[in-house]
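Source file: input_37.txt (compact mmCIF, C-alpha atoms)
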```txt
# COMPACT_ATOMS: atom_id res chain seq x y z
CA MET A 1 171.87 80.46 59.49
CA MET A 2 172.22 78.29 56.36
CA THR A 3 170.21 75.06 56.09
CA THR A 4 171.56 71.77 54.74
CA ARG A 5 170.63 69.99 51.55
CA ALA A 6 172.90 67.97 49.28
CA LEU A 7 171.86 67.81 45.65
CA LEU A 8 173.52 65.61 43.06
CA ILE A 9 172.50 66.14 39.49
CA GLY A 10 173.36 63.67 36.71
CA ILE A 11 172.66 63.71 33.00
CA SER A 12 173.38 60.07 32.16
CA CYS A 13 176.19 60.08 34.75
CA CYS A 14 179.07 61.80 33.11
CA ILE A 15 178.30 65.44 32.33
CA ASN A 16 179.78 68.01 34.68
CA LEU A 17 176.67 70.20 34.89
CA ALA A 18 175.84 69.68 38.53
CA THR A 19 174.76 71.59 41.55
CA GLY A 20 175.07 70.84 45.24
CA PHE A 21 173.45 72.42 48.25
CA VAL A 22 176.15 73.37 50.77
CA SER A 23 175.23 73.39 54.38
CA ALA A 24 175.51 74.36 57.99
CA GLY A 25 172.85 74.36 60.65
CA ILE A 26 169.55 72.47 60.49
CA SER A 27 169.77 69.18 58.57
CA ARG A 28 167.36 67.99 55.89
CA PRO A 29 167.18 64.54 54.31
CA GLU A 30 169.61 64.21 51.40
CA THR A 31 167.99 64.32 47.98
CA VAL A 32 169.60 62.49 45.08
CA LEU A 33 168.16 63.24 41.66
CA SER A 34 169.20 62.07 38.21
CA GLY A 35 168.06 62.16 34.62
CA GLY A 36 168.51 65.86 33.89
CA TYR A 37 166.95 67.53 36.89
CA ASP A 38 165.37 70.93 36.17
CA ALA A 39 165.96 73.10 39.24
CA THR A 40 163.39 75.61 38.08
CA ILE A 41 160.57 73.25 39.06
CA GLY A 42 162.08 71.00 41.71
CA ALA A 43 163.01 73.33 44.52
CA ASP A 44 161.87 72.66 48.05
CA PRO A 45 159.08 75.24 48.54
CA SER A 46 159.98 75.57 52.21
CA THR A 47 163.43 76.97 51.33
CA PRO A 48 163.42 80.65 52.36
CA ILE A 49 166.11 81.73 49.90
CA GLN A 50 168.13 79.85 47.28
CA PHE A 51 171.59 81.28 46.63
CA PHE A 52 173.29 80.29 43.38
CA THR A 53 177.08 80.60 43.23
CA LEU A 54 180.21 78.97 41.79
CA PRO A 55 181.99 76.15 43.65
CA GLY A 56 184.60 76.91 46.26
CA ASN A 57 183.92 80.61 46.89
CA THR A 58 185.81 81.44 43.69
CA CYS A 59 183.64 84.31 42.43
CA PRO A 60 184.11 87.76 44.06
CA TYR A 61 180.67 88.91 42.87
CA ALA A 62 178.97 85.92 44.47
CA GLN A 63 181.05 86.44 47.62
CA ARG A 64 179.38 89.82 48.02
CA THR A 65 175.98 88.17 48.29
CA HIS A 66 177.31 85.35 50.47
CA ILE A 67 178.63 87.96 52.91
CA ALA A 68 175.32 89.85 52.90
CA LEU A 69 173.33 86.68 53.61
CA LYS A 70 175.60 85.84 56.55
CA GLU A 71 175.58 89.39 57.94
CA LEU A 72 171.79 89.55 57.78
CA ALA A 73 171.49 86.06 59.33
CA LEU A 74 168.95 85.05 56.69
CA PRO A 75 168.39 81.30 56.29
CA PHE A 76 169.33 80.05 52.82
CA ASP A 77 170.37 77.09 50.70
CA MET A 78 173.54 77.44 48.62
CA THR A 79 173.57 75.87 45.16
CA GLU A 80 176.91 75.54 43.41
CA VAL A 81 176.46 75.86 39.64
CA MET A 82 179.06 74.08 37.51
CA GLY A 83 179.65 73.67 33.82
CA ILE A 84 180.65 75.82 30.85
CA PRO A 85 178.37 76.80 29.28
CA LYS A 86 175.95 76.94 32.19
CA PRO A 87 173.26 74.22 32.21
CA ASP A 88 169.90 75.02 30.66
CA TRP A 89 168.08 74.77 33.98
CA TYR A 90 170.25 77.58 35.38
CA LEU A 91 169.83 79.73 32.28
CA ALA A 92 166.10 79.43 32.88
CA ILE A 93 166.70 81.00 36.31
CA ASN A 94 169.24 83.60 35.20
CA PRO A 95 169.37 84.07 31.41
CA ARG A 96 172.73 85.83 31.74
CA GLY A 97 174.23 82.64 33.15
CA LYS A 98 176.15 84.56 35.81
CA VAL A 99 176.33 84.29 39.57
CA PRO A 100 175.15 85.31 42.04
CA ALA A 101 171.45 84.79 41.69
CA LEU A 102 168.75 84.43 44.32
CA ARG A 103 165.41 82.68 44.16
CA VAL A 104 162.65 82.86 46.75
CA PRO A 105 160.29 79.84 46.52
CA THR A 106 157.84 81.31 49.03
CA ALA A 107 157.40 84.41 46.83
CA ASP A 108 156.24 82.57 43.71
CA TYR A 109 159.87 81.65 42.93
CA ALA A 110 160.92 85.27 42.39
CA VAL A 111 164.43 85.55 40.90
CA ILE A 112 166.98 88.31 41.54
CA TYR A 113 170.45 88.57 40.01
CA GLU A 114 173.45 90.92 39.78
CA SER A 115 175.35 91.25 43.05
CA ALA A 116 174.48 94.86 43.89
CA ILE A 117 170.79 94.26 43.18
CA CYS A 118 170.84 90.98 45.13
CA ASN A 119 172.36 92.68 48.16
CA GLU A 120 169.97 95.63 48.21
CA PHE A 121 167.10 93.18 47.82
CA LEU A 122 168.38 91.15 50.79
CA CYS A 123 168.52 94.29 52.94
CA ASP A 124 164.97 95.22 51.94
CA TYR A 125 163.83 91.64 52.50
CA ALA A 126 165.38 91.55 55.97
CA THR A 127 163.73 94.87 56.82
CA LYS A 128 160.38 93.51 55.63
CA LEU A 129 160.87 90.54 57.96
CA GLY A 130 161.45 92.94 60.85
CA GLU A 131 165.18 92.24 61.15
CA ASP A 132 167.38 95.09 62.38
CA HIS A 133 170.50 95.67 60.32
CA ASN A 134 172.89 98.42 59.22
CA LEU A 135 174.06 97.11 55.85
CA MET A 136 171.89 99.62 53.97
CA PRO A 137 171.07 102.73 56.04
CA VAL A 138 167.74 104.53 55.92
CA ASP A 139 169.34 107.94 55.35
CA PRO A 140 169.13 108.78 51.62
CA PHE A 141 172.51 110.54 51.59
CA LEU A 142 174.27 107.51 53.07
CA ARG A 143 172.47 105.22 50.64
CA ALA A 144 173.67 107.39 47.76
CA LYS A 145 177.22 107.34 49.15
CA ILE A 146 177.16 103.54 49.23
CA ARG A 147 175.96 103.37 45.63
CA LEU A 148 178.61 105.81 44.47
CA LEU A 149 181.37 103.85 46.19
CA ASN A 150 180.03 100.63 44.70
CA ASP A 151 179.93 102.20 41.25
CA HIS A 152 183.56 103.27 41.72
CA CYS A 153 184.49 99.70 42.60
CA ASP A 154 182.81 98.20 39.53
CA ASN A 155 183.62 100.83 36.92
CA VAL A 156 186.98 102.22 38.02
CA PHE A 157 188.91 100.30 40.68
CA ALA A 158 188.30 96.71 39.53
CA LYS A 159 189.37 97.57 35.98
CA THR A 160 192.66 99.05 37.16
CA GLN A 161 193.27 96.06 39.46
CA PHE A 162 192.89 93.38 36.82
CA THR A 163 194.57 95.37 34.05
CA PHE A 164 197.67 95.73 36.25
CA LEU A 165 197.58 92.06 37.28
CA MET A 166 197.24 90.74 33.73
CA ASN A 167 199.75 93.10 32.07
CA LYS A 168 202.68 91.24 30.48
CA ASP A 169 204.60 94.34 29.37
CA ASP A 170 206.96 95.30 32.21
CA GLU A 171 207.37 98.81 30.82
CA LYS A 172 203.68 99.50 31.45
CA ASP A 173 203.60 98.20 35.03
CA LYS A 174 204.55 101.50 36.69
CA ASP A 175 201.79 103.46 34.94
CA LEU A 176 199.18 100.74 35.49
CA CYS A 177 200.12 100.47 39.16
CA GLY A 178 199.78 104.25 39.45
CA GLU A 179 196.29 104.14 37.93
CA MET A 180 195.27 101.45 40.40
CA GLU A 181 196.64 103.41 43.36
CA THR A 182 194.73 106.48 42.19
CA ALA A 183 191.55 104.40 42.24
CA LEU A 184 192.39 103.03 45.69
CA ALA A 185 193.02 106.57 47.00
CA VAL A 186 189.25 107.13 46.84
CA TYR A 187 188.81 104.52 49.58
CA GLU A 188 191.70 105.90 51.63
CA GLN A 189 190.16 109.37 51.54
CA GLN A 190 186.71 108.01 52.39
CA LEU A 191 188.14 106.27 55.45
CA VAL A 192 189.85 109.50 56.53
CA GLU A 193 186.53 111.33 56.27
CA SER A 194 184.44 108.62 57.96
CA LYS A 195 187.11 107.97 60.65
CA GLY A 196 186.60 104.23 60.10
CA PRO A 197 186.96 101.47 60.83
CA TYR A 198 184.60 100.94 57.87
CA LEU A 199 183.94 103.00 54.76
CA LEU A 200 180.93 104.79 56.23
CA GLY A 201 182.26 104.89 59.79
CA THR A 202 181.45 102.57 62.66
CA GLU A 203 178.96 100.38 60.77
CA PHE A 204 179.80 97.64 58.27
CA THR A 205 177.66 98.40 55.20
CA LEU A 206 177.10 97.30 51.62
CA ALA A 207 179.99 99.57 50.60
CA ASP A 208 182.36 97.31 52.53
CA VAL A 209 180.60 94.16 51.33
CA HIS A 210 180.92 95.29 47.71
CA THR A 211 184.64 96.06 47.87
CA ILE A 212 186.25 93.55 50.22
CA PRO A 213 186.22 90.51 47.84
CA PHE A 214 188.30 92.49 45.33
CA LEU A 215 190.76 93.88 47.88
CA VAL A 216 191.40 90.41 49.29
CA ARG A 217 192.17 89.08 45.82
CA LEU A 218 194.32 92.13 45.05
CA VAL A 219 196.54 91.61 48.09
CA ILE A 220 197.13 87.92 47.32
CA THR A 221 197.50 88.00 43.54
CA LEU A 222 199.56 91.16 43.16
CA LYS A 223 201.99 90.00 45.81
CA HIS A 224 202.36 86.67 44.01
CA TRP A 225 202.63 87.88 40.40
CA LYS A 226 203.82 91.49 40.69
CA ASN A 227 205.66 91.46 44.03
CA TYR A 228 203.40 94.37 44.95
CA GLU A 229 202.09 95.26 48.39
CA LEU A 230 199.88 98.18 49.35
CA PRO A 231 202.29 100.88 50.61
CA LYS A 232 201.69 101.61 54.27
CA ASP A 233 202.56 105.27 53.84
CA LYS A 234 199.93 105.72 51.09
CA PHE A 235 197.16 103.50 52.44
CA PRO A 236 197.37 103.26 56.26
CA ASN A 237 193.60 103.51 56.72
CA LEU A 238 192.81 101.13 53.88
CA LEU A 239 195.11 98.49 55.37
CA CYS A 240 193.40 98.86 58.76
CA TRP A 241 190.03 98.59 56.99
CA LEU A 242 191.17 95.39 55.31
CA ASP A 243 192.17 93.88 58.66
CA SER A 244 188.83 94.87 60.21
CA CYS A 245 186.86 93.28 57.38
CA LEU A 246 188.92 90.08 57.46
CA GLU A 247 188.02 89.63 61.13
CA ARG A 248 184.32 89.34 60.34
CA GLU A 249 182.95 85.80 60.30
CA SER A 250 180.94 86.49 57.14
CA VAL A 251 184.14 87.34 55.26
CA LYS A 252 186.08 84.40 56.71
CA GLU A 253 183.37 81.89 55.81
CA SER A 254 182.95 83.15 52.25
CA SER A 255 186.64 83.50 51.32
CA MET A 256 189.15 81.26 49.59
CA SER A 257 192.46 80.48 51.23
CA LYS A 258 195.59 82.18 49.92
CA GLU A 259 196.70 78.92 48.35
CA LYS A 260 193.34 78.34 46.65
CA THR A 261 193.27 81.92 45.36
CA ILE A 262 196.68 81.49 43.71
CA GLU A 263 195.62 78.11 42.27
CA VAL A 264 192.47 79.64 40.72
CA TYR A 265 194.25 82.71 39.34
CA GLU A 266 197.06 80.61 37.83
CA ARG A 267 194.54 79.56 35.20
CA PHE A 268 193.38 83.15 34.62
CA VAL A 269 196.87 84.63 34.31
CA GLY A 270 198.06 81.85 32.04
CA ALA A 271 195.08 82.27 29.71
CA ASP A 272 195.10 86.10 29.55
CA TYR A 273 191.57 85.97 30.93
CA LYS A 274 189.50 89.12 30.33
CA PHE A 275 187.50 89.02 33.59
CA GLY A 276 184.33 90.08 31.83
CA GLY A 277 186.03 93.12 30.33
CA LEU A 278 187.84 94.26 33.50
CA ASN A 279 191.22 93.37 31.97
CA LYS A 280 191.86 96.24 29.54
CA ASN A 281 195.14 94.93 28.09
```

Do you think you could lay out the structure here as structure tokens?
Amino acid sequence: MMTTRALLIGISCCINLATGFVSAGISRPETVLSGGYDATIGADPSTPIQFFTLPGNTCPYAQRTHIALKELALPFDMTEVMGIPKPDWYLAINPRGKVPALRVPTADYAVIYESAICNEFLCDYATKLGEDHNLMPVDPFLRAKIRLLNDHCDNVFAKTQFTFLMNKDDEKDKDLCGEMETALAVYEQQLVESKGPYLLGTEFTLADVHTIPFLVRLVITLKHWKNYELPKDKFPNLLCWLDSCLERESVKESSMSKEKTIEVYERFVGADYKFGGLNKN
């Protein structure tokens, strides 16, 4: 369950370096602060977990942590961080200036960042609280399998996805598409071995959480810009996996609409955005 708090931050009243707590569930009185609020010292100490993200569910890395929070049913406040460069108060929380980040006021304001680390922390935190979950299994071999699949997503698949999407040389499209499909074949084979519906079998785990934000964006953006759809004959199990993940409330609540995804990526495609190095063109 996510608690409610609205936070408006103003420096004079014109700079777009604001955050807002997004809500559902138990209501709290609205807090309006101005004059250059420093969120590193002003957090409500009763907040179990603060989740820092970009506005509008636009970041796939932050979506991973949003999904994990919802799946684990951990109470949290969501803070949308705006502004380029990031405001100083946020850099004091996460010096890298990226999202997601978590902060736990009740644990001496401990800060965790990087999506994979955030999600493993949340699983450990839920276990410490006595909550039963299957996102990160106890078995060391399954835990290693999850980490290997997540490493494949970050260091192989995502690079092929965005390099294909951002390529402007039509003659290269066939080869780049082939490289992406080779990376996706790892997931297809894993689903054959696990017998699905999820990557490790019957349970939805951090392997699914880590990958689904990128597959959702792939399906929408490559259809729009490359007229590409995942071939049913090559990826029957992966397409069923995608449908199963999209039925989960955590994925629905943390996702952008198709129209919003295209609107956001219009800016990226037009600007030859590098996606933090994922675009290898």

**Q.** Distance criterion (only C-alpha atoms): nearest to Tyr90 in chain A out of A:Ile67, A:Leu222, A:Leu54, A:Leu149
**A.**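 Of all the options, A:Leu54 lies closest to Tyr90 in chain A.
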
Q. Counting only C-alpha atoms, which of A:Ala68, A:Cys59, A:Met82, A:Val111 gets nearest to Asn134 in chain A?
A. A:Ala68

As AutoDock Vina command-line options, please: the centre and edge lengths in Å, to one decimal, of an axis-aligned box enclosing every listed atom of range 135-147 of chain A with 3 Å added on each side.
```
--center_x 172.5 --center_y 103.8 --center_z 50.8 --size_x 15.5 --size_y 19.4 --size_z 16.4
```

Q: One decimal, Å: what's the distance from CA of Leu215 in chain A over to CA of Ala116 in chain A, could you say?
A: 16.8 Å

Q: Check the smallest atom-to-atom distance from each of A:Thr202, A:Ser254, A:Ser244, A:Asn237 to Leu184 in chain A using all atoms listed in the file, then report the winner.
A: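 Looking only at the distances to Leu184 in chain A, the closest residue turns out to be A:Asn237.
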
May I have a table of the residues of range 96-207 of chain A lying at most 12 Å from range 262-266 of chain A, giving each one's closest pair of atoms and their distance in Å to one decimal, counting all atoms listed in the file, ordered by chain and ascending residue number, as a tab-separated table?
```
residue	atom	partner	partner_atom	distance
A:Phe162	CA	A:Tyr265	CA	11.0
A:Leu165	CA	A:Tyr265	CA	10.1
A:Met166	CA	A:Tyr265	CA	10.2
```

Can you write out the residues you just picked, keeping C-alpha atoms, as a PDB file, keeping the file's coordinate frame?
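Result saved to out-v3.pdb:
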```pdb
ATOM      1  CA  PHE A 162     192.890  93.380  36.820  1.00  0.00           C
ATOM      2  CA  LEU A 165     197.580  92.060  37.280  1.00  0.00           C
ATOM      3  CA  MET A 166     197.240  90.740  33.730  1.00  0.00           C
TER       4      MET A 166
END
```

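Within the 10 Å cut-off around Thr53 in chain A, using all atoms listed in the file and omitting residues fewer than 6 positions from it on the same chain, the listed residues are Thr19, Cys59, Tyr61, Ala62, Gln63, Thr65, His66, Met78, Thr79, Glu80, Val81, Met82, Lys98, Val99, Pro100, Ala101 and Leu102 of chain A.
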
Q. Nearest to Lys70 in chain A: which of A:Val269, A:Ile112, A:Ile220, A:Ala126 is it, counting all atoms listed in the file?
A.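 Of all the options, A:Ala126 lies closest to Lys70 in chain A.
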